[in-house]
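Chemist: Sharing target_2.pdb, PDB, N, CA and C atoms:
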ATOM      1  N   MET S   1     -80.878 220.900  42.765
ATOM      2  CA  MET S   1     -80.181 220.722  41.523
ATOM      3  C   MET S   1     -80.002 219.226  41.264
ATOM      4  N   HIS S   2     -80.309 218.812  40.048
ATOM      5  CA  HIS S   2     -80.210 217.401  39.667
ATOM      6  C   HIS S   2     -78.978 217.190  38.795
ATOM      7  N   TYR S   3     -78.095 216.346  39.257
ATOM      8  CA  TYR S   3     -76.911 216.018  38.474
ATOM      9  C   TYR S   3     -77.196 214.771  37.652
ATOM     10  N   LYS S   4     -76.779 214.794  36.409
ATOM     11  CA  LYS S   4     -76.995 213.657  35.521
ATOM     12  C   LYS S   4     -75.881 212.634  35.708
ATOM     13  N   SER S   5     -76.258 211.370  35.591
ATOM     14  CA  SER S   5     -75.251 210.314  35.661
ATOM     15  C   SER S   5     -74.542 210.225  34.312
ATOM     16  N   ILE S   6     -73.439 209.552  34.308
ATOM     17  CA  ILE S   6     -72.687 209.343  33.061
ATOM     18  C   ILE S   6     -73.573 208.645  32.037
ATOM     19  N   LEU S   7     -74.322 207.638  32.481
ATOM     20  CA  LEU S   7     -75.186 206.902  31.557
ATOM     21  C   LEU S   7     -76.245 207.803  30.941
ATOM     22  N   GLU S   8     -76.800 208.710  31.726
ATOM     23  CA  GLU S   8     -77.792 209.654  31.196
ATOM     24  C   GLU S   8     -77.169 210.570  30.144
ATOM     25  N   ILE S   9     -75.962 210.998  30.389
ATOM     26  CA  ILE S   9     -75.269 211.877  29.444
ATOM     27  C   ILE S   9     -74.979 211.122  28.147
ATOM     28  N   ILE S  10     -74.505 209.894  28.272
ATOM     29  CA  ILE S  10     -74.197 209.083  27.090
ATOM     30  C   ILE S  10     -75.450 208.793  26.279
ATOM     31  N   GLU S  11     -76.565 208.507  26.963
ATOM     32  CA  GLU S  11     -77.824 208.201  26.275
ATOM     33  C   GLU S  11     -78.286 209.338  25.374
ATOM     34  N   LYS S  12     -77.960 210.557  25.720
ATOM     35  CA  LYS S  12     -78.432 211.720  24.972
ATOM     36  C   LYS S  12     -77.468 212.170  23.869
ATOM     37  N   SER S  13     -76.336 211.513  23.768
ATOM     38  CA  SER S  13     -75.335 211.938  22.784
ATOM     39  C   SER S  13     -74.954 210.770  21.868
ATOM     40  N   GLN S  14     -75.280 210.902  20.604
ATOM     41  CA  GLN S  14     -74.933 209.866  19.643
ATOM     42  C   GLN S  14     -73.408 209.719  19.510
ATOM     43  N   GLY S  15     -72.706 210.825  19.549
ATOM     44  CA  GLY S  15     -71.248 210.791  19.464
ATOM     45  C   GLY S  15     -70.637 210.022  20.619
ATOM     46  N   LEU S  16     -71.143 210.251  21.833
ATOM     47  CA  LEU S  16     -70.630 209.532  22.997
ATOM     48  C   LEU S  16     -70.996 208.056  22.938
ATOM     49  N   GLN S  17     -72.145 207.731  22.376
ATOM     50  CA  GLN S  17     -72.542 206.332  22.227
ATOM     51  C   GLN S  17     -71.589 205.601  21.286
ATOM     52  N   LYS S  18     -71.209 206.257  20.190
ATOM     53  CA  LYS S  18     -70.256 205.662  19.254
ATOM     54  C   LYS S  18     -68.895 205.482  19.916
ATOM     55  N   LEU S  19     -68.479 206.478  20.668
ATOM     56  CA  LEU S  19     -67.196 206.416  21.370
ATOM     57  C   LEU S  19     -67.193 205.277  22.390
ATOM     58  N   GLN S  20     -68.273 205.137  23.108
ATOM     59  CA  GLN S  20     -68.385 204.064  24.101
ATOM     60  C   GLN S  20     -68.354 202.693  23.415
ATOM     61  N   ALA S  21     -69.066 202.551  22.306
ATOM     62  CA  ALA S  21     -69.087 201.278  21.577
ATOM     63  C   ALA S  21     -67.690 200.933  21.051
ATOM     64  N   HIS S  22     -66.982 201.929  20.539
ATOM     65  CA  HIS S  22     -65.617 201.704  20.026
ATOM     66  C   HIS S  22     -64.679 201.314  21.166
ATOM     67  N   SER S  23     -64.822 201.963  22.288
ATOM     68  CA  SER S  23     -63.997 201.648  23.454
ATOM     69  C   SER S  23     -64.235 200.213  23.920
ATOM     70  N   LEU S  24     -65.490 199.789  23.959
ATOM     71  CA  LEU S  24     -65.812 198.417  24.351
ATOM     72  C   LEU S  24     -65.255 197.413  23.342
ATOM     73  N   ALA S  25     -65.311 197.747  22.061
ATOM     74  CA  ALA S  25     -64.756 196.874  21.023
ATOM     75  C   ALA S  25     -63.248 196.724  21.200
ATOM     76  N   LEU S  26     -62.557 197.825  21.531
ATOM     77  CA  LEU S  26     -61.105 197.765  21.750
ATOM     78  C   LEU S  26     -60.771 196.920  22.982
ATOM     79  N   GLN S  27     -61.610 196.996  24.005
ATOM     80  CA  GLN S  27     -61.394 196.168  25.193
ATOM     81  C   GLN S  27     -61.515 194.683  24.849
ATOM     82  N   LYS S  28     -62.495 194.340  24.021
ATOM     83  CA  LYS S  28     -62.665 192.941  23.612
ATOM     84  C   LYS S  28     -61.480 192.471  22.778
ATOM     85  N   ILE S  29     -61.000 193.337  21.906
ATOM     86  CA  ILE S  29     -59.830 192.995  21.095
ATOM     87  C   ILE S  29     -58.610 192.784  21.999
ATOM     88  N   ALA S  30     -58.451 193.639  22.998
ATOM     89  CA  ALA S  30     -57.333 193.499  23.939
ATOM     90  C   ALA S  30     -57.405 192.154  24.666
ATOM     91  N   GLU S  31     -58.603 191.706  24.991
ATOM     92  CA  GLU S  31     -58.779 190.414  25.667
ATOM     93  C   GLU S  31     -58.360 189.251  24.772
ATOM     94  N   ILE S  32     -58.430 189.455  23.470
ATOM     95  CA  ILE S  32     -58.008 188.422  22.525
ATOM     96  C   ILE S  32     -56.507 188.496  22.273
ATOM     97  N   VAL S  33     -56.001 189.710  22.057
ATOM     98  CA  VAL S  33     -54.608 189.911  21.632
ATOM     99  C   VAL S  33     -53.613 189.694  22.763
ATOM    100  N   MET S  34     -53.848 190.273  23.907
ATOM    101  CA  MET S  34     -52.844 190.283  24.972
ATOM    102  C   MET S  34     -52.394 188.887  25.413
ATOM    103  N   PRO S  35     -53.303 187.922  25.594
ATOM    104  CA  PRO S  35     -52.827 186.592  26.015
ATOM    105  C   PRO S  35     -51.958 185.887  24.961
ATOM    106  N   ILE S  36     -52.068 186.303  23.704
ATOM    107  CA  ILE S  36     -51.282 185.691  22.633
ATOM    108  C   ILE S  36     -49.845 186.215  22.635
ATOM    109  N   LEU S  37     -49.660 187.426  23.110
ATOM    110  CA  LEU S  37     -48.323 188.027  23.154
ATOM    111  C   LEU S  37     -47.465 187.364  24.225
ATOM    112  N   PRO S  38     -46.149 187.339  24.032
ATOM    113  CA  PRO S  38     -45.271 186.825  25.089
ATOM    114  C   PRO S  38     -45.464 187.635  26.378
ATOM    115  N   GLU S  39     -45.365 186.943  27.494
ATOM    116  CA  GLU S  39     -45.606 187.590  28.798
ATOM    117  C   GLU S  39     -44.748 188.818  29.034
ATOM    118  N   GLU S  40     -43.493 188.770  28.592
ATOM    119  CA  GLU S  40     -42.604 189.901  28.852
ATOM    120  C   GLU S  40     -42.985 191.145  28.047
ATOM    121  N   LEU S  41     -43.737 190.977  26.960
ATOM    122  CA  LEU S  41     -44.164 192.129  26.156
ATOM    123  C   LEU S  41     -45.509 192.713  26.604
ATOM    124  N   GLN S  42     -46.344 191.910  27.200
ATOM    125  CA  GLN S  42     -47.711 192.326  27.526
ATOM    126  C   GLN S  42     -47.816 193.650  28.276
ATOM    127  N   PRO S  43     -47.013 193.893  29.302
ATOM    128  CA  PRO S  43     -47.153 195.166  30.018
ATOM    129  C   PRO S  43     -46.700 196.389  29.220
ATOM    130  N   HIS S  44     -46.046 196.162  28.093
ATOM    131  CA  HIS S  44     -45.455 197.255  27.333
ATOM    132  C   HIS S  44     -46.195 197.574  26.036
ATOM    133  N   ILE S  45     -47.312 196.895  25.823
ATOM    134  CA  ILE S  45     -48.091 197.089  24.600
ATOM    135  C   ILE S  45     -49.535 197.396  24.958
ATOM    136  N   LYS S  46     -50.109 198.362  24.238
ATOM    137  CA  LYS S  46     -51.529 198.701  24.399
ATOM    138  C   LYS S  46     -52.204 198.614  23.035
ATOM    139  N   ILE S  47     -53.455 198.243  23.051
ATOM    140  CA  ILE S  47     -54.253 198.292  21.832
ATOM    141  C   ILE S  47     -54.642 199.753  21.639
ATOM    142  N   ALA S  48     -54.165 200.362  20.571
ATOM    143  CA  ALA S  48     -54.429 201.781  20.336
ATOM    144  C   ALA S  48     -55.712 201.985  19.541
ATOM    145  N   ASP S  49     -55.921 201.131  18.515
ATOM    146  CA  ASP S  49     -57.111 201.302  17.675
ATOM    147  C   ASP S  49     -57.266 200.102  16.754
ATOM    148  N   TYR S  50     -58.449 199.987  16.187
ATOM    149  CA  TYR S  50     -58.732 198.987  15.157
ATOM    150  C   TYR S  50     -59.682 199.639  14.174
ATOM    151  N   GLN S  51     -59.202 199.855  12.965
ATOM    152  CA  GLN S  51     -60.019 200.511  11.941
ATOM    153  C   GLN S  51     -59.700 199.930  10.580
ATOM    154  N   HIS S  52     -60.741 199.657   9.826
ATOM    155  CA  HIS S  52     -60.599 199.261   8.422
ATOM    156  C   HIS S  52     -59.590 198.135   8.237
ATOM    157  N   THR S  53     -59.735 197.075   8.979
ATOM    158  CA  THR S  53     -58.906 195.857   8.903
ATOM    159  C   THR S  53     -57.475 196.045   9.405
ATOM    160  N   ILE S  54     -57.181 197.144  10.071
ATOM    161  CA  ILE S  54     -55.833 197.396  10.598
ATOM    162  C   ILE S  54     -55.892 197.539  12.122
ATOM    163  N   LEU S  55     -55.050 196.772  12.797
ATOM    164  CA  LEU S  55     -54.909 196.855  14.243
ATOM    165  C   LEU S  55     -53.698 197.727  14.542
ATOM    166  N   TYR S  56     -53.887 198.725  15.400
ATOM    167  CA  TYR S  56     -52.806 199.635  15.777
ATOM    168  C   TYR S  56     -52.402 199.351  17.221
ATOM    169  N   LEU S  57     -51.104 199.146  17.424
ATOM    170  CA  LEU S  57     -50.567 198.892  18.757
ATOM    171  C   LEU S  57     -49.653 200.038  19.160
ATOM    172  N   GLU S  58     -49.680 200.356  20.434
ATOM    173  CA  GLU S  58     -48.804 201.384  20.996
ATOM    174  C   GLU S  58     -47.802 200.698  21.906
ATOM    175  N   LEU S  59     -46.517 200.983  21.700
ATOM    176  CA  LEU S  59     -45.457 200.369  22.495
ATOM    177  C   LEU S  59     -44.753 201.420  23.337
ATOM    178  N   LYS S  60     -44.214 200.986  24.458
ATOM    179  CA  LYS S  60     -43.565 201.919  25.371
ATOM    180  C   LYS S  60     -42.162 202.323  24.950
ATOM    181  N   SER S  61     -41.481 201.479  24.159
ATOM    182  CA  SER S  61     -40.130 201.857  23.716
ATOM    183  C   SER S  61     -39.772 201.135  22.426
ATOM    184  N   ALA S  62     -38.749 201.635  21.780
ATOM    185  CA  ALA S  62     -38.281 201.046  20.526
ATOM    186  C   ALA S  62     -37.750 199.629  20.730
ATOM    187  N   ALA S  63     -37.243 199.336  21.904
ATOM    188  CA  ALA S  63     -36.745 197.987  22.187
ATOM    189  C   ALA S  63     -37.870 196.963  22.067
ATOM    190  N   PHE S  64     -39.045 197.315  22.550
ATOM    191  CA  PHE S  64     -40.187 196.407  22.456
ATOM    192  C   PHE S  64     -40.691 196.332  21.017
ATOM    193  N   ALA S  65     -40.545 197.400  20.258
ATOM    194  CA  ALA S  65     -40.929 197.397  18.847
ATOM    195  C   ALA S  65     -40.078 196.398  18.072
ATOM    196  N   THR S  66     -38.808 196.329  18.410
ATOM    197  CA  THR S  66     -37.917 195.381  17.750
ATOM    198  C   THR S  66     -38.362 193.947  18.021
ATOM    199  N   GLN S  67     -38.697 193.665  19.250
ATOM    200  CA  GLN S  67     -39.173 192.323  19.604
ATOM    201  C   GLN S  67     -40.483 192.009  18.882
ATOM    202  N   LEU S  68     -41.385 192.971  18.848
ATOM    203  CA  LEU S  68     -42.690 192.766  18.224
ATOM    204  C   LEU S  68     -42.550 192.541  16.720
ATOM    205  N   ARG S  69     -41.639 193.246  16.088
ATOM    206  CA  ARG S  69     -41.456 193.146  14.644
ATOM    207  C   ARG S  69     -41.266 191.694  14.200
ATOM    208  N   PHE S  70     -40.539 190.914  14.979
ATOM    209  CA  PHE S  70     -40.300 189.516  14.629
ATOM    210  C   PHE S  70     -41.534 188.643  14.846
ATOM    211  N   LEU S  71     -42.436 189.085  15.709
ATOM    212  CA  LEU S  71     -43.642 188.313  16.007
ATOM    213  C   LEU S  71     -44.814 188.622  15.075
ATOM    214  N   LEU S  72     -44.745 189.725  14.353
ATOM    215  CA  LEU S  72     -45.897 190.192  13.579
ATOM    216  C   LEU S  72     -46.482 189.174  12.605
ATOM    217  N   PRO S  73     -45.697 188.480  11.804
ATOM    218  CA  PRO S  73     -46.310 187.531  10.860
ATOM    219  C   PRO S  73     -47.131 186.436  11.555
ATOM    220  N   SER S  74     -46.573 185.835  12.586
ATOM    221  CA  SER S  74     -47.313 184.775  13.280
ATOM    222  C   SER S  74     -48.482 185.342  14.090
ATOM    223  N   LEU S  75     -48.305 186.527  14.659
ATOM    224  CA  LEU S  75     -49.387 187.170  15.402
ATOM    225  C   LEU S  75     -50.570 187.473  14.482
ATOM    226  N   LEU S  76     -50.290 188.017  13.331
ATOM    227  CA  LEU S  76     -51.343 188.324  12.360
ATOM    228  C   LEU S  76     -52.063 187.050  11.936
ATOM    229  N   GLN S  77     -51.318 186.028  11.650
ATOM    230  CA  GLN S  77     -51.908 184.759  11.229
ATOM    231  C   GLN S  77     -52.803 184.174  12.328
ATOM    232  N   THR S  78     -52.369 184.225  13.560
ATOM    233  CA  THR S  78     -53.144 183.702  14.689
ATOM    234  C   THR S  78     -54.402 184.531  14.922
ATOM    235  N   LEU S  79     -54.260 185.853  14.879
ATOM    236  CA  LEU S  79     -55.402 186.728  15.158
ATOM    237  C   LEU S  79     -56.484 186.639  14.087
ATOM    238  N   CYS S  80     -56.093 186.401  12.851
ATOM    239  CA  CYS S  80     -57.079 186.285  11.765
ATOM    240  C   CYS S  80     -58.031 185.110  11.966
ATOM    241  N   LEU S  81     -57.622 184.150  12.763
ATOM    242  CA  LEU S  81     -58.450 182.979  13.031
ATOM    243  C   LEU S  81     -59.418 183.194  14.188
ATOM    244  N   LYS S  82     -59.274 184.283  14.899
ATOM    245  CA  LYS S  82     -60.108 184.566  16.067
ATOM    246  C   LYS S  82     -61.424 185.220  15.651
ATOM    247  N   PRO S  83     -62.523 184.844  16.308
ATOM    248  CA  PRO S  83     -63.803 185.492  16.011
ATOM    249  C   PRO S  83     -63.715 186.998  16.275
ATOM    250  N   GLY S  84     -64.262 187.767  15.387
ATOM    251  CA  GLY S  84     -64.231 189.218  15.521
ATOM    252  C   GLY S  84     -63.033 189.864  14.866
ATOM    253  N   LEU S  85     -62.021 189.073  14.531
ATOM    254  CA  LEU S  85     -60.822 189.624  13.910
ATOM    255  C   LEU S  85     -60.534 188.976  12.552
ATOM    256  N   HIS S  86     -61.503 188.289  12.001
ATOM    257  CA  HIS S  86     -61.295 187.585  10.734
ATOM    258  C   HIS S  86     -61.028 188.534   9.563
ATOM    259  N   ARG S  87     -61.397 189.811   9.696
ATOM    260  CA  ARG S  87     -61.142 190.799   8.641
ATOM    261  C   ARG S  87     -59.777 191.475   8.794
ATOM    262  N   LEU S  88     -59.062 191.178   9.862
ATOM    263  CA  LEU S  88     -57.759 191.787  10.118
ATOM    264  C   LEU S  88     -56.782 191.454   8.994
ATOM    265  N   ARG S  89     -56.151 192.479   8.429
ATOM    266  CA  ARG S  89     -55.211 192.289   7.327
ATOM    267  C   ARG S  89     -53.814 192.835   7.627
ATOM    268  N   GLU S  90     -53.721 193.684   8.641
ATOM    269  CA  GLU S  90     -52.433 194.320   8.911
ATOM    270  C   GLU S  90     -52.355 194.749  10.372
ATOM    271  N   ILE S  91     -51.150 194.691  10.912
ATOM    272  CA  ILE S  91     -50.890 195.200  12.258
ATOM    273  C   ILE S  91     -49.833 196.279  12.128
ATOM    274  N   LYS S  92     -50.170 197.465  12.591
ATOM    275  CA  LYS S  92     -49.215 198.576  12.603
ATOM    276  C   LYS S  92     -48.940 198.932  14.057
ATOM    277  N   TYR S  93     -47.788 199.518  14.296
ATOM    278  CA  TYR S  93     -47.441 199.898  15.664
ATOM    279  C   TYR S  93     -46.652 201.196  15.657
ATOM    280  N   TYR S  94     -46.639 201.822  16.790
ATOM    281  CA  TYR S  94     -45.837 203.024  16.975
ATOM    282  C   TYR S  94     -45.342 203.055  18.411
ATOM    283  N   VAL S  95     -44.241 203.764  18.595
ATOM    284  CA  VAL S  95     -43.667 203.905  19.922
ATOM    285  C   VAL S  95     -44.247 205.153  20.564
ATOM    286  N   GLN S  96     -44.722 204.990  21.779
ATOM    287  CA  GLN S  96     -45.305 206.084  22.543
ATOM    288  C   GLN S  96     -44.241 207.163  22.765
ATOM    289  N   PRO S  97     -44.580 208.417  22.474
ATOM    290  CA  PRO S  97     -43.609 209.497  22.733
ATOM    291  C   PRO S  97     -43.248 209.564  24.206
ATOM    292  N   ARG S  98     -41.994 209.875  24.476
ATOM    293  CA  ARG S  98     -41.547 210.011  25.871
ATOM    294  C   ARG S  98     -42.250 211.174  26.536
ATOM    295  N   GLN S  99     -42.554 211.005  27.793
ATOM    296  CA  GLN S  99     -43.213 212.065  28.546
ATOM    297  C   GLN S  99     -42.344 212.419  29.737
ATOM    298  N   ASP S 100     -41.317 213.211  29.464
ATOM    299  CA  ASP S 100     -40.375 213.627  30.507
ATOM    300  C   ASP S 100     -40.935 214.732  31.349
TER     301      ASP S 100
END
Could you quickly redo this structure as C-alpha cells?

Modeler:
Amino acid sequence: MHYKSILEIIEKSQGLQKLQAHSLALQKIAEIVMPILPEELQPHIKIADYQHTILYLELKSAAFATQLRFLLPSLLQTLCLKPGLHRLREIKYYVQPRQD
C-alpha cells in the first residue's frame, strides 16, 4: 500500500493549493505585524485573516482589545507603508470566545 505525502495530496487539489497559499500569506503578514505591536500584546494577538483590504486580528481577551483600540490609527498608518500591505485600509478585531 502506498501512502501519499501531504505535498502529493496538495498538488492534486486546487482548493488545498489556495488554502496553502492563503496560509503562507497570513504567515508573512504576521512577520510584518507582530514586531510592530508592543511586546506585552504580541502573545495575545493572532492574525486571523486578510481579505479585501481588511486585516482581521483575534485577541485573547477584551482587556487586550481595549489596549489595541488605542493603537489602531498608528498601526494602520505604519502597516500601509509596508510592502505587501499598501492596500490595507482597515483593521478589525474580535475577542476569541472563551473555551471553558

Chemist: Please identify all polymer residues within 5 Å of Leu57 in chain S, counting only N, CA and C atoms, omitting same-chain residues fewer than 5 positions from it, and present them as a list in words.

Modeler: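 Surrounding residues, per the criterion: Lys46, Ile47, Ala48, Lys92, Tyr93 and Tyr94 of chain S.
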
Chemist: Find the distance between CA of Lys82 in chain S and CA of Ile45 in chain S and write it in Å to one decimal.

Modeler: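 Those two atoms sit 19.3 Å apart.
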
Chemist: At what distance in Å, to one decimal, does CA of Pro83 in chain S lie from CA of Glu58 in chain S?

Modeler: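 These two atoms are separated by 22.4 Å.
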
Chemist: In terms of the shortest atom-to-atom distance over all atoms listed in the file, which of S:Thr78, S:Val95, S:Gly84, S:Lys28 is closest to Ala65 in chain S?

Modeler: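 Checking each candidate against Ala65 in chain S, we get S:Val95 as the closest.
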
Chemist: Please extract the residues of range 24-78 of chain S with a backbone DSSP assignment of strand (DSSP E or B) and present them as a list in words.

Modeler: Ile45, Lys46, Ile47, Ala48, Asp49, Tyr50, Gln51, Ile54, Leu55, Tyr56, Leu57, Glu58 and Leu59 of chain S

Chemist: What would the file look like if the residues just selected were written as a compact mmCIF listing (two decimals), in the frame of the given file with N, CA and C atoms?

Modeler:
# COMPACT_ATOMS: atom_id res chain seq x y z
N ILE S 45 -47.31 196.90 25.82
CA ILE S 45 -48.09 197.09 24.60
C ILE S 45 -49.54 197.40 24.96
N LYS S 46 -50.11 198.36 24.24
CA LYS S 46 -51.53 198.70 24.40
C LYS S 46 -52.20 198.61 23.04
N ILE S 47 -53.46 198.24 23.05
CA ILE S 47 -54.25 198.29 21.83
C ILE S 47 -54.64 199.75 21.64
N ALA S 48 -54.16 200.36 20.57
CA ALA S 48 -54.43 201.78 20.34
C ALA S 48 -55.71 201.98 19.54
N ASP S 49 -55.92 201.13 18.52
CA ASP S 49 -57.11 201.30 17.68
C ASP S 49 -57.27 200.10 16.75
N TYR S 50 -58.45 199.99 16.19
CA TYR S 50 -58.73 198.99 15.16
C TYR S 50 -59.68 199.64 14.17
N GLN S 51 -59.20 199.86 12.96
CA GLN S 51 -60.02 200.51 11.94
C GLN S 51 -59.70 199.93 10.58
N ILE S 54 -57.18 197.14 10.07
CA ILE S 54 -55.83 197.40 10.60
C ILE S 54 -55.89 197.54 12.12
N LEU S 55 -55.05 196.77 12.80
CA LEU S 55 -54.91 196.86 14.24
C LEU S 55 -53.70 197.73 14.54
N TYR S 56 -53.89 198.72 15.40
CA TYR S 56 -52.81 199.64 15.78
C TYR S 56 -52.40 199.35 17.22
N LEU S 57 -51.10 199.15 17.42
CA LEU S 57 -50.57 198.89 18.76
C LEU S 57 -49.65 200.04 19.16
N GLU S 58 -49.68 200.36 20.43
CA GLU S 58 -48.80 201.38 21.00
C GLU S 58 -47.80 200.70 21.91
N LEU S 59 -46.52 200.98 21.70
CA LEU S 59 -45.46 200.37 22.50
C LEU S 59 -44.75 201.42 23.34

Chemist: Give as a count of residues only the residues that the PyMOL selection byres (((chain S and resi 67-69 and name CA) around 12) and name CA) matches when applied to the coordinates above.

Modeler: 30

Chemist: Do you have the CA of Pro43 in chain S-CA of Cys80 in chain S distance handy?

Modeler: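 According to the coordinates, CA of Pro43 in chain S and CA of Cys80 in chain S are separated by 22.6 Å.
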
Chemist: Using only C-alpha atoms, list the residues that have an atom at most 7 Å from (-62.1, 198.4, 18.1), coordinates as in the file, as a PyMOL selection string.

Modeler: chain S and resi 22-23+25-26+29+49-51

Chemist: Using DSSP assignments from the backbone, pull out every residue in range 3-95 of chain S that falls under helix (DSSP H, G or I) and give it to me as a ChimeraX atom specification.

Modeler: /S:6-11,14-36,42-44,62-80

Chemist: Would you pick out the contacts of His52 in chain S at 10 Å or less, using only C-alpha atoms, so that residues sharing its chain but fewer than 5 positions from it are not included, and give the list as number ranges by chain?

Modeler: S: 87-90

Chemist: Measuring between only N, CA and C atoms, which one of S:Leu79, S:Lys18, S:His2, S:Leu7 shows the shortest distance to Ile32 in chain S?

Modeler: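 So, comparing all the options, the nearest one is S:Leu79.
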